[in-house]
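*Asks:* This is the structure I have questions about; it appears just below.
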Amino acid sequence: MTAAGPLSGVLVIDLTRVLAGPYCTMVLADLGARVIKVEMPGRGDDARAIGPFVGERSAYFMSLNRGKESIALDLKDADDRSIFERLLARADVLVENFRPGAMERLGYGWDELHARFPRLIAASTSGFGQTGPYAQRPAYDVVAHAMGGVMSITGEPGGRPTRVGTSIGDIAGGLFTAIGIQAALVERQRSGAGQRVDVSLLDAQVAILENAIARYAVTGEIPGPIGSRHPSIAPFDAFATRDGYIVIAAGNDALFARLCEAVGAPEWTEDERFRSNELRNQNADALKQLIESALAHRATSEWLEVLQRAELPCGPLNDIAQLIADPQVTHRNMIVSAEDETGDGLQMAGNPIKLSAHEDPTTRPAAPALDADRRRILAELEAAEIPPKPPRG
């Protein structure tokens with residue numbers, strides 16, 4: 001069961017699999033919702049077969065489905081459909097990430113659901129959304145990633161197309177779905193009625209393009225990959241030191257002047273190429289060469305001390321092992337553990353949403369085995385449907 005949170009009392013029926021949908025329902029579970037994962041008998045969520053594995057269990061699956069419950073139902077079987085519909089009658093939210101039309105073929109399209117369960121919020125996450133010329137196309141993260149423009153602005157200039165190192169297509173879609181669900185819950189408090197939430201992975205990629213669309217609209221130039229630097233701010237990049245790299249983000253004139261002093265080059269502020277952010281951005285390559293020449297004489301750890309004393313935004317390029325050990329990350333409880341089948345704690349990312357009225361535990365309930373909660377869920381349904389005995393006398 002999930003820890004108490006602001007969504008305590010909200011029952012979510014989760015038909016999702018792999019990443020986008022399970023990420024959404026993981027966020028809801030971390031915020032206190034009860035999530036019952038409905039899976040295919042015998043097979044379950046496809047993510048159960050994706051490594052790495054702890055024994056015979058997928059660590060990938062466990063990290064995305066912690067704190068949920070599992071019941072296996074075949075939605076083409078009459079008895080299992082009856083159980084599913086009894087769950088829907090009690091639920092606040094249904095989340096699915098099938099291809100559009102699949103729920104309608106099962107008899108659970110939005111029109112049918114809304115007529116039978118008017119308070120139910122039905123959220124759909126799909127590659128291209130429920131409408132439009134691409135709606136019926138299949139899609140995975142990388143497809144949305146490429147079509148949504150993100151891949152075109154990622155990587156080094158002149159390099160091969162590069163995927164962001166995390167599944168930003170699925171994750172952004174899952175996050176926007178979680179936001180939409182919570183907005184629909186608030187609206188239901190006013191109207192008493194549920195509504196459909198329709199999120200497309202492609203739409204979500206368009207939404208996170210930051211200023212790329214604005215730059216194209218203003219200049220007519222198509223943005224392309226520029227490595228790690230910012231397209232509109234300089235210096236704002238990863239810079240080589242004597243033994244590695246350091247990221248520096250001097251986002252205004254005052255910070256730039258402070259950086260120049262810190263690296264022993266105050267004269268840069270008088271250089272006509274660098275007198276404003278616009279000029280620095282136009283001459284970003286030349287500025288980077290100067291900065292790296294200055295940084296080449298010391299190690300990253302030394303420069304971090306110097307720049308942090310100057311109160312400049314900067315940081316090391318952590319690998320995953322360094323990230324997990326970082327004192328700020330551990331202080332913020334961003335690496336939590338959940339029990340695996342051996343009883344050992346499996347490390348996974350924590351919840352970045354910190355709420356003053358709710359605890360943020362260091363451990364999470366484990367992800368469920370397939371159909372692990374069937375008996376208890378059915379017993380709850382039976383108990384809820386038994387009419388109370390009339391009072392005596």
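Chain labels A, B, ... are given in the sequence in which chains occur in the structure tokens; within each chain residues are numbered consecutively from 1, and ligands are likewise numbered from 1 in the order shown.
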Using only C-alpha atoms, I'd like a table of the residues in segment 4-62 of chain A that come within 10 Å of segment 355-369 of chain A; for each, show the closest atom pair and its distance in Å rounded to one decimal, ordered by chain and ascending number, as a tab-separated table.
*Replies:*
```
residue	atom	partner	partner_atom	distance
A:Ala4	CA	A:His358	CA	7.1
A:Gly5	CA	A:His358	CA	5.9
A:Pro6	CA	A:His358	CA	7.7
A:Asp30	CA	A:Arg364	CA	8.8
A:Leu31	CA	A:His358	CA	9.1
A:Gly32	CA	A:His358	CA	9.5
A:Ile36	CA	A:Pro368	CA	9.9
A:Lys37	CA	A:Pro368	CA	8.9
A:Gly44	CA	A:Ala369	CA	9.3
A:Arg48	CA	A:Ala369	CA	9.4
A:Arg57	CA	A:Ala369	CA	8.7
A:Ser58	CA	A:Ala367	CA	9.9
A:Ala59	CA	A:Ala367	CA	9.5
A:Phe61	CA	A:Ala367	CA	7.6
A:Met62	CA	A:Ala367	CA	5.0
```
*Asks:* Using only C-alpha atoms, find each residue of segment 77-158 of chain A with at least one atom at most 6 Å away from an atom of segment 199-214 of chain A; report its shortest atom-to-atom pair and that distance in Å (one decimal), sort the rows by chain and rising residue number, and return the result as CSV.
*Replies:*
```
residue,atom,partner,partner_atom,distance
A:Thr125,CA,A:Val199,CA,4.9
A:Ser126,CA,A:Ser200,CA,5.1
A:Gly127,CA,A:Leu201,CA,4.8
A:Phe128,CA,A:Ser200,CA,4.8
A:Gly129,CA,A:Ser200,CA,4.3
A:Ala144,CA,A:Leu202,CA,4.9
A:Gly148,CA,A:Gln205,CA,5.1
```
*Asks:* Kindly indicate which residue among A:Leu323, A:Leu317, A:Leu113, A:Ala123 lies nearest to Gly173 of chain A, using only C-alpha atoms for the distances.
*Replies:*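 Going through A:Leu323, A:Leu317, A:Leu113, A:Ala123 one by one, the smallest distance to Gly173 of chain A is for A:Ala123.
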*Asks:* Within 12 Å of segment 183-196 of chain A, which residues of segment 8-77 of chain A show up? Give each one with its shortest atom-to-atom distance in Å (one decimal) and the two atoms involved, counting only C-alpha atoms, rows by chain then rising residue number, as a Markdown table.
*Replies:*
```
| residue | atom | partner | partner_atom | distance |
| --- | --- | --- | --- | --- |
| A:Gly9 | CA | A:Leu185 | CA | 11.9 |
| A:Val10 | CA | A:Leu185 | CA | 9.2 |
| A:Leu11 | CA | A:Leu185 | CA | 11.4 |
| A:Val12 | CA | A:Leu185 | CA | 11.6 |
| A:Leu28 | CA | A:Leu185 | CA | 12.0 |
```
*Asks:* So, with only C-alpha atoms as the atoms that count, which of A:Leu255, A:Val93, A:Met103, A:Ile171 lies closest to Pro118 of chain A?
*Replies:*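 Selected residue with least distance to Pro118 of chain A: A:Val93.
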*Asks:* Go through segment 190-331 of chain A and collect every residue that DSSP, computed from the backbone, puts in strand (DSSP E); the answer should be as a ChimeraX atom specification.
*Replies:* /A:196-200,236-240,245-249,314-316
*Asks:* Skip segment 240-249 of chain A itself and residues of its chain fewer than 5 positions away, then list as a ChimeraX atom specification all residues within 7 Å of it, counting only C-alpha atoms.
*Replies:* /A:235,292,295-300,313-317
*Asks:* Once you have the residues from the selection above, write them out as a JSON list (two decimals), in the first residue's frame, restricted to C-alpha atoms.
*Replies:*
```
[["chain", "number", "residue", "atom", "x", "y", "z"],
["A", 235, "PRO", "CA", 28.76, 31.20, -21.25],
["A", 292, "GLU", "CA", 38.98, 26.39, -21.47],
["A", 295, "LEU", "CA", 40.57, 26.22, -16.84],
["A", 296, "ALA", "CA", 43.24, 23.90, -18.25],
["A", 297, "HIS", "CA", 45.67, 24.72, -15.42],
["A", 298, "ARG", "CA", 43.60, 23.24, -12.56],
["A", 299, "ALA", "CA", 41.57, 20.15, -11.78],
["A", 300, "THR", "CA", 37.78, 20.17, -11.78],
["A", 313, "PRO", "CA", 26.27, 28.62, -10.91],
["A", 314, "CYS", "CA", 28.46, 25.61, -11.67],
["A", 315, "GLY", "CA", 28.69, 21.91, -11.12],
["A", 316, "PRO", "CA", 30.54, 18.71, -11.95],
["A", 317, "LEU", "CA", 29.45, 16.24, -14.64]]
```
*Asks:* Name the closest residue to Ala20 of chain A among the candidates A:Ser82, A:Ala115, A:Thr219, A:Asn65; distances are taken between atoms, counting only C-alpha atoms.
*Replies:*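 Comparing A:Ser82, A:Ala115, A:Thr219, A:Asn65 against Ala20 of chain A, the winner is A:Asn65.
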*Asks:* Compile the contact shell of Leu346 of chain A as an NGL selection string: residues with an atom at most 6 Å away, counting only C-alpha atoms, same-chain residues fewer than 5 positions apart removed.
*Replies:* :A and (337-339)
*Asks:* Please, could you write that set of residues out with C-alpha atoms as a PDB file, in the first residue's frame?
*Replies:*
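Writing the result to again-v8.pdb gives the following:
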```pdb
ATOM      1  CA  SER A 337      14.877   1.706  -1.862  1.00  0.00           C
ATOM      2  CA  ALA A 338      12.172  -0.884  -2.278  1.00  0.00           C
ATOM      3  CA  GLU A 339      12.414  -4.503  -1.263  1.00  0.00           C
TER       4      GLU A 339
END
```
*Asks:* Please compute the atom CA of Ala372 of chain A-atom CA of Asp14 of chain A distance, one decimal, in Å.
*Replies:* 14.9 Å
*Asks:* For atom CA of Glu96 of chain A and atom CA of Leu381 of chain A, determine how far apart the two atoms are, in Å to one decimal place.
*Replies:*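 Atom CA of Leu381 of chain A lies 21.8 Å from atom CA of Glu96 of chain A.
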*Asks:* What is the atom CA of Val197 of chain A-atom CA of Ile179 of chain A distance in Å, reported with one decimal?
*Replies:*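 Separating atom CA of Val197 of chain A from atom CA of Ile179 of chain A is a distance of 9.7 Å.
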*Asks:* I'd like the neighbourhood of Ala254 of chain A as a list in words, where a residue qualifies if any of its atoms comes within 12 Å (using only C-alpha atoms), though same-chain residues fewer than 5 positions away should be ignored.
*Replies:*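 Skipping anything fewer than 5 positions along the chain leaves Ala249, Leu259, Cys260, Glu261, Thr269, Arg275, Ser276, Asn277, Ala310, Glu311 and Leu312 of chain A.
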*Asks:* Show which residues sit within 9 Å of Pro41 of chain A, as a count of residues only. Count only C-alpha atoms, and ignore same-chain residues fewer than 2 positions away.
*Replies:* 9
*Asks:* Using only C-alpha atoms, which protein or nucleic acid residues come within 7 Å of Arg273 of chain A? Drop anything in the same chain fewer than 4 positions from it, and give the result as a ChimeraX atom specification.
*Replies:* /A:279-280,283
*Asks:* Here is a test: counting only C-alpha atoms, which residue of A:Pro327, A:Glu221, A:Ile13, A:Ile320 is nearest to Leu120 of chain A?
*Replies:* A:Ile13
*Asks:* Tell me, which residues of segment 69-133 of chain A carry DSSP helix (DSSP H, G or I), written as JSON, numbers by chain?
*Replies:* {"A": [78, 79, 80, 81, 82, 83, 84, 85, 86, 87, 88, 89, 90, 102, 103, 104, 105, 110, 111, 112, 113, 114, 115, 116]}
*Asks:* Given only C-alpha atoms as the basis, pick out the residue of A:Ala234, A:Asp326, A:Glu302, A:Ser228 nearest to Ala286 of chain A.
*Replies:*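 Looking at the shortest contact to Ala286 of chain A, the residue is A:Ala234.
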